[in-house]
$ cat entry.cif   # mmCIF, C-alpha atoms
data_upload
#
loop_
_atom_site.label_atom_id
_atom_site.label_comp_id
_atom_site.auth_asym_id
_atom_site.auth_seq_id
_atom_site.Cartn_x
_atom_site.Cartn_y
_atom_site.Cartn_z
CA MET A 239 1.98 14.35 -23.02
CA LYS A 240 -0.24 12.11 -25.15
CA GLN A 241 2.24 9.25 -24.80
CA LYS A 242 2.31 9.61 -20.98
CA LEU A 243 -1.50 9.59 -20.81
CA ARG A 244 -1.67 6.53 -23.06
CA GLU A 245 0.91 4.73 -20.92
CA PHE A 246 -0.96 5.66 -17.73
CA LEU A 247 -4.26 4.37 -19.15
CA LEU A 248 -2.66 1.11 -20.33
CA LEU A 249 -0.99 0.67 -16.95
CA ASN A 250 -4.35 1.03 -15.22
CA ALA A 251 -6.16 -1.18 -17.76
CA GLY A 252 -3.62 -3.99 -17.36
CA THR A 253 -3.74 -3.80 -13.58
CA LEU A 254 -7.54 -3.73 -13.51
CA LEU A 255 -7.72 -6.80 -15.79
CA VAL A 256 -5.45 -8.70 -13.40
CA ALA A 257 -7.45 -7.58 -10.35
CA ALA A 258 -10.78 -8.49 -12.00
CA GLY A 259 -9.56 -11.95 -12.96
CA VAL A 260 -8.23 -12.61 -9.49
CA TYR A 261 -11.16 -11.23 -7.50
CA PHE A 262 -14.14 -12.31 -9.61
CA PHE A 263 -12.87 -15.68 -10.82
CA LYS A 264 -9.87 -16.96 -8.87
CA PHE A 265 -10.91 -16.16 -5.29
CA PRO A 266 -14.56 -17.37 -5.32
CA ASN A 267 -13.58 -20.63 -7.04
CA HIS A 268 -10.57 -21.17 -4.77
CA PHE A 269 -8.36 -21.62 -7.84
CA SER A 270 -4.77 -21.85 -6.70
CA THR A 271 -2.88 -21.47 -9.94
CA GLY A 272 0.30 -20.18 -8.34
CA GLY A 273 1.61 -16.74 -7.59
CA VAL A 274 0.77 -14.48 -4.70
CA SER A 275 -2.98 -14.65 -5.31
CA GLY A 276 -2.76 -18.47 -5.37
CA LEU A 277 -0.84 -18.42 -2.12
CA SER A 278 -3.51 -16.20 -0.57
CA VAL A 279 -6.20 -18.69 -1.66
CA VAL A 280 -4.27 -21.50 0.03
CA LEU A 281 -3.53 -19.55 3.23
CA SER A 282 -6.94 -17.89 3.72
CA PRO A 283 -8.62 -20.95 5.33
CA PHE A 284 -5.83 -21.02 7.91
CA LEU A 285 -6.18 -17.31 8.64
CA PRO A 286 -9.96 -16.87 8.94
CA HIS A 287 -9.78 -13.25 10.10
CA VAL A 288 -7.57 -12.18 7.21
CA SER A 289 -9.11 -11.76 3.76
CA PRO A 290 -7.36 -13.04 0.63
CA GLY A 291 -7.07 -9.43 -0.54
CA THR A 292 -5.23 -8.46 2.64
CA LEU A 293 -2.87 -11.42 2.19
CA VAL A 294 -2.17 -10.34 -1.39
CA PHE A 295 -1.37 -6.84 -0.15
CA VAL A 296 0.98 -7.98 2.64
CA ILE A 297 2.88 -10.47 0.47
CA ASN A 298 3.11 -8.02 -2.44
CA MET A 299 4.48 -5.29 -0.19
CA ALA A 300 7.12 -7.64 1.24
CA LEU A 301 8.22 -8.66 -2.28
CA LEU A 302 8.14 -5.04 -3.43
CA LEU A 303 10.45 -4.10 -0.54
CA LEU A 304 12.77 -6.95 -1.55
CA GLY A 305 12.72 -5.65 -5.13
CA PHE A 306 13.69 -2.15 -3.99
CA LEU A 307 16.48 -3.57 -1.79
CA VAL A 308 17.94 -5.62 -4.64
CA PHE A 309 17.30 -3.33 -7.62
CA GLY A 310 17.53 0.06 -5.91
CA LYS A 311 15.40 3.16 -6.21
CA GLY A 312 15.17 2.83 -9.96
CA PHE A 313 13.17 -0.36 -9.47
CA GLY A 314 9.95 0.16 -11.35
CA LEU A 315 7.77 2.97 -10.16
CA LYS A 316 5.26 1.43 -12.55
CA THR A 317 5.52 -1.93 -10.75
CA ALA A 318 5.11 -0.27 -7.37
CA TYR A 319 2.09 1.67 -8.63
CA SER A 320 0.51 -1.43 -10.19
CA SER A 321 1.15 -3.51 -7.10
CA PHE A 322 -0.52 -0.94 -4.84
CA LEU A 323 -3.37 -0.42 -7.33
CA MET A 324 -4.08 -4.14 -7.72
CA SER A 325 -4.04 -4.75 -3.97
CA GLY A 326 -6.20 -1.68 -3.37
CA VAL A 327 -8.73 -2.62 -6.07
CA ILE A 328 -9.07 -6.15 -4.68
CA TRP A 329 -9.47 -4.77 -1.15
CA LEU A 330 -12.10 -2.30 -2.39
CA LEU A 331 -13.99 -4.98 -4.33
CA GLU A 332 -14.10 -7.15 -1.21
CA ARG A 333 -15.98 -4.35 0.55
CA LEU A 334 -18.15 -3.05 -2.30
CA CYS A 335 -18.98 -6.31 -4.04
CA PRO A 336 -18.50 -9.21 -1.63
CA LEU A 337 -18.63 -12.64 -3.25
CA ASP A 338 -19.41 -15.80 -1.35
CA ALA A 339 -19.86 -18.04 -4.40
CA PRO A 340 -18.65 -18.19 -8.01
CA LEU A 341 -20.39 -16.01 -10.57
CA THR A 342 -21.54 -18.99 -12.65
CA SER A 343 -22.01 -22.72 -12.22
CA GLN A 344 -19.44 -23.38 -14.95
CA PRO A 345 -16.02 -24.02 -13.36
CA LEU A 346 -14.23 -24.42 -16.69
CA LEU A 347 -15.54 -21.07 -17.92
CA GLU A 348 -14.54 -19.47 -14.62
CA LEU A 349 -11.07 -21.02 -14.90
CA CYS A 350 -10.68 -19.57 -18.40
CA PHE A 351 -11.47 -16.09 -17.10
CA ALA A 352 -9.29 -16.63 -14.00
CA VAL A 353 -6.35 -17.33 -16.29
CA LEU A 354 -7.01 -15.17 -19.36
CA LEU A 355 -7.88 -11.85 -17.70
CA PRO A 356 -4.68 -11.74 -15.62
CA ALA A 357 -2.67 -13.04 -18.60
CA PHE A 358 -3.87 -10.21 -20.86
CA GLY A 359 -3.39 -7.68 -18.08
CA SER A 360 0.12 -8.95 -17.35
CA ALA A 361 0.99 -8.87 -21.05
CA LEU A 362 0.01 -5.20 -21.19
CA LEU A 363 2.12 -4.48 -18.13
CA PHE A 364 5.16 -6.51 -19.27
CA ASN A 365 5.14 -4.65 -22.59
CA MET A 366 5.46 -1.42 -20.60
CA GLU A 367 8.24 -2.88 -18.42
CA ALA A 368 5.92 -3.08 -15.43
CA SER A 369 4.19 -5.83 -13.46
CA THR A 370 1.79 -6.24 -10.57
CA GLY A 371 4.63 -7.30 -8.31
CA GLY A 372 4.38 -10.58 -6.46
CA THR A 373 6.07 -13.50 -8.16
CA ASP A 374 6.91 -11.21 -11.09
CA ILE A 375 9.48 -9.67 -8.75
CA VAL A 376 10.81 -13.14 -7.98
CA ALA A 377 11.04 -13.70 -11.76
CA MET A 378 12.95 -10.43 -12.15
CA LEU A 379 15.35 -11.59 -9.42
CA LEU A 380 15.83 -14.93 -11.19
CA ARG A 381 16.46 -13.13 -14.48
CA LYS A 382 19.04 -10.91 -12.78
CA PHE A 383 20.98 -13.72 -11.10
CA THR A 384 20.62 -16.51 -13.69
CA ASP A 385 20.66 -16.80 -17.47
CA LEU A 386 16.89 -17.41 -17.64
CA ASN A 387 14.78 -15.19 -19.87
CA ILE A 388 11.75 -13.51 -18.28
CA GLY A 389 9.31 -16.18 -19.53
CA ARG A 390 11.19 -19.09 -17.98
CA ALA A 391 12.00 -17.06 -14.89
CA SER A 392 8.29 -16.32 -14.46
CA CYS A 393 7.45 -20.00 -14.87
CA CYS A 394 10.03 -20.90 -12.23
CA ALA A 395 8.88 -18.20 -9.82
CA THR A 396 5.31 -19.40 -10.01
CA SER A 397 5.77 -23.15 -10.20
CA SER A 398 8.77 -23.64 -7.90
CA SER A 399 7.18 -21.80 -5.04
CA PRO A 400 6.21 -23.49 -1.79
CA TRP A 401 2.53 -23.22 -2.66
CA PRO A 402 0.71 -25.43 -5.20
CA PRO A 403 2.08 -25.30 -8.75
CA PRO A 404 0.11 -24.05 -11.75
CA LEU A 405 -2.42 -26.49 -13.15
CA SER A 406 -0.26 -27.10 -16.21
CA SER A 407 2.66 -28.53 -14.20
CA ALA A 408 0.64 -31.68 -13.50
CA SER A 409 0.78 -32.53 -17.21
CA ARG A 410 4.12 -34.30 -16.88
CA PRO A 411 3.82 -37.04 -14.23
CA GLY A 412 6.88 -37.84 -12.19
CA CYS A 413 8.45 -34.44 -12.66
CA SER A 414 8.80 -31.67 -10.20
CA PRO A 415 6.72 -28.55 -10.88
CA SER A 416 9.80 -26.65 -11.99
CA TRP A 417 10.74 -29.08 -14.78
CA ALA A 418 9.73 -26.58 -17.45
CA CYS A 419 12.14 -23.98 -16.10
CA TRP A 420 15.33 -25.96 -16.03
CA SER A 421 14.95 -28.62 -18.70
CA ASN A 422 14.98 -27.96 -22.40
CA PRO A 423 12.09 -29.94 -23.96
CA TRP A 424 13.38 -29.19 -27.49
#
$ encode --input "entry.cif" --output "structure tokens"
Amino acid sequence: MKQKLREFLLLNAGTLLVAAGVYFFKFPNHFSTGGVSGLSVVLSPFLPHVSPGTLVFVINMALLLLGFLVFGKGFGLKTAYSSFLMSGVIWLLERLCPLDAPLTSQPLLELCFAVLLPAFGSALLFNMEASTGGTDIVAMLLRKFTDLNIGRASCCATSSSPWPPPLSSASRPGCSPSWACWSNPW
């Protein structure tokens, strides 16, 4: 019983860290660092009557359905729970704590929080064999159908997507965003 409670609390903590990083730092700064939340940042100006949180929810649910179709019923109840929780928390924050500007005037500091909070939250979730859905599901599909490990599959899912690549992919001029997934730099 204690182990189940601990797992439940860690699942919620990881998901809330991801949601906080996305809502408080990524959305108001319009950081498009990849993934479903990055896609929602890019698409929201073109869909003025749809909030970024709603876009995250719709895209996550479509990918979650794909995950269930490919992996079956056994496909992570934890992932489904985290995906719903993250989308719900972001939707709730949009109503309870609307933001129309960044929290600080320090974009680099905001970027650090926009990256680190979701990274720590995702690490908690991955260690429990869960995720918040989104491109993590794409990574799980890549891992299933290729010989990529989950780290490289996650990199590919985020940086090879049709939306802007992560900021780090610009560090190697002349290469496509997915260079890190398929080439072996060592």
$ atom_distance --input "entry.cif" --atom1 "atom CA of A:Ala258" --atom2 "atom CA of A:Phe364"
17.6 Å
$ closest_residue --input "entry.cif" --among "A:Gly252, A:Gly305, A:Pro283, A:Gly259" --to "A:Met366" --atoms "all atoms listed in the file"
A:Gly252
$ closest_residue --input "entry.cif" --among "A:Leu301, A:Val308, A:Cys335, A:Leu349" --to "A:Val376" --atoms "all atoms listed in the file"
A:Leu301
$ resolve_selection --input "entry.cif" --expression "the PyMOL selection byres ((chain A and resi 303) around 12)" --output "list in words"
Val296, Ile297, Asn298, Met299, Ala300, Leu301, Leu302, Leu304, Gly305, Phe306, Leu307, Val308, Phe309, Gly310, Lys311, Phe313, Gly314, Thr317, Ala318, Ser321, Gly371, Gly372, Ile375 and Val376 of chain A
$ resolve_selection --input "entry.cif" --expression "the PyMOL selection byres ((chain A and resi 291) around 7)" --output "NGL selection string"
:A and (289-290 or 292-295 or 325 or 328-329)
$ residues_around --input "entry.cif" --residues "A:Leu363" --least-positions-apart "3" --cutoff "12 Å" --atoms "only C-alpha atoms" --output "MDAnalysis selection string"
chainID A and resid 245:256 314 316:321 356:360 366:371 374
$ residues_around --input "entry.cif" --residues "A:Asp338" --least-positions-apart "5" --cutoff "12 Å" --atoms "all atoms listed in the file" --output "ChimeraX atom specification"
/A:261-263,265-268,332
$ write_last_selection --input "entry.cif" --atoms "C-alpha atoms" --output "PDB file, in the coordinates of the input"
ATOM      1  CA  TYR A 261     -11.160 -11.230  -7.500  1.00  0.00           C
ATOM      2  CA  PHE A 262     -14.140 -12.310  -9.610  1.00  0.00           C
ATOM      3  CA  PHE A 263     -12.870 -15.680 -10.820  1.00  0.00           C
ATOM      4  CA  PHE A 265     -10.910 -16.160  -5.290  1.00  0.00           C
ATOM      5  CA  PRO A 266     -14.560 -17.370  -5.320  1.00  0.00           C
ATOM      6  CA  ASN A 267     -13.580 -20.630  -7.040  1.00  0.00           C
ATOM      7  CA  HIS A 268     -10.570 -21.170  -4.770  1.00  0.00           C
ATOM      8  CA  GLU A 332     -14.100  -7.150  -1.210  1.00  0.00           C
TER       9      GLU A 332
END
$ build_atoms --input "entry.cif" --residues "stretch 361-372 of chain A" --atoms "N, CA, C and O atoms" --output "PDB file, keeping the file's coordinate frame"
ATOM      1  N   ALA A 361       0.339  -9.129 -19.765  1.00  0.00           N
ATOM      2  CA  ALA A 361       0.990  -8.870 -21.050  1.00  0.00           C
ATOM      3  C   ALA A 361       1.068  -7.364 -21.319  1.00  0.00           C
ATOM      4  O   ALA A 361       2.102  -6.858 -21.765  1.00  0.00           O
ATOM      5  N   LEU A 362      -0.019  -6.658 -21.040  1.00  0.00           N
ATOM      6  CA  LEU A 362       0.010  -5.200 -21.190  1.00  0.00           C
ATOM      7  C   LEU A 362       1.094  -4.591 -20.313  1.00  0.00           C
ATOM      8  O   LEU A 362       1.858  -3.732 -20.755  1.00  0.00           O
ATOM      9  N   LEU A 363       1.148  -5.038 -19.067  1.00  0.00           N
ATOM     10  CA  LEU A 363       2.120  -4.480 -18.130  1.00  0.00           C
ATOM     11  C   LEU A 363       3.551  -4.838 -18.517  1.00  0.00           C
ATOM     12  O   LEU A 363       4.435  -3.973 -18.481  1.00  0.00           O
ATOM     13  N   PHE A 364       3.804  -6.095 -18.888  1.00  0.00           N
ATOM     14  CA  PHE A 364       5.160  -6.510 -19.270  1.00  0.00           C
ATOM     15  C   PHE A 364       5.648  -5.715 -20.472  1.00  0.00           C
ATOM     16  O   PHE A 364       6.826  -5.385 -20.556  1.00  0.00           O
ATOM     17  N   ASN A 365       4.749  -5.424 -21.410  1.00  0.00           N
ATOM     18  CA  ASN A 365       5.140  -4.650 -22.590  1.00  0.00           C
ATOM     19  C   ASN A 365       5.492  -3.208 -22.248  1.00  0.00           C
ATOM     20  O   ASN A 365       6.091  -2.514 -23.063  1.00  0.00           O
ATOM     21  N   MET A 366       5.111  -2.770 -21.063  1.00  0.00           N
ATOM     22  CA  MET A 366       5.460  -1.420 -20.600  1.00  0.00           C
ATOM     23  C   MET A 366       6.557  -1.480 -19.538  1.00  0.00           C
ATOM     24  O   MET A 366       6.779  -0.506 -18.833  1.00  0.00           O
ATOM     25  N   GLU A 367       7.210  -2.649 -19.415  1.00  0.00           N
ATOM     26  CA  GLU A 367       8.240  -2.880 -18.420  1.00  0.00           C
ATOM     27  C   GLU A 367       7.729  -2.640 -17.006  1.00  0.00           C
ATOM     28  O   GLU A 367       8.377  -2.005 -16.177  1.00  0.00           O
ATOM     29  N   ALA A 368       6.544  -3.176 -16.758  1.00  0.00           N
ATOM     30  CA  ALA A 368       5.920  -3.080 -15.430  1.00  0.00           C
ATOM     31  C   ALA A 368       5.338  -4.453 -15.102  1.00  0.00           C
ATOM     32  O   ALA A 368       5.331  -5.356 -15.935  1.00  0.00           O
ATOM     33  N   SER A 369       4.872  -4.610 -13.884  1.00  0.00           N
ATOM     34  CA  SER A 369       4.190  -5.830 -13.460  1.00  0.00           C
ATOM     35  C   SER A 369       3.338  -5.492 -12.253  1.00  0.00           C
ATOM     36  O   SER A 369       3.375  -4.369 -11.756  1.00  0.00           O
ATOM     37  N   THR A 370       2.589  -6.470 -11.775  1.00  0.00           N
ATOM     38  CA  THR A 370       1.790  -6.240 -10.570  1.00  0.00           C
ATOM     39  C   THR A 370       2.543  -6.650  -9.317  1.00  0.00           C
ATOM     40  O   THR A 370       1.970  -6.736  -8.244  1.00  0.00           O
ATOM     41  N   GLY A 371       3.821  -6.913  -9.467  1.00  0.00           N
ATOM     42  CA  GLY A 371       4.630  -7.300  -8.310  1.00  0.00           C
ATOM     43  C   GLY A 371       4.535  -8.785  -8.068  1.00  0.00           C
ATOM     44  O   GLY A 371       4.464  -9.580  -8.998  1.00  0.00           O
ATOM     45  N   GLY A 372       4.515  -9.177  -6.810  1.00  0.00           N
ATOM     46  CA  GLY A 372       4.380 -10.580  -6.460  1.00  0.00           C
ATOM     47  C   GLY A 372       5.472 -11.442  -7.052  1.00  0.00           C
ATOM     48  O   GLY A 372       6.652 -11.089  -7.010  1.00  0.00           O
TER      49      GLY A 372
END
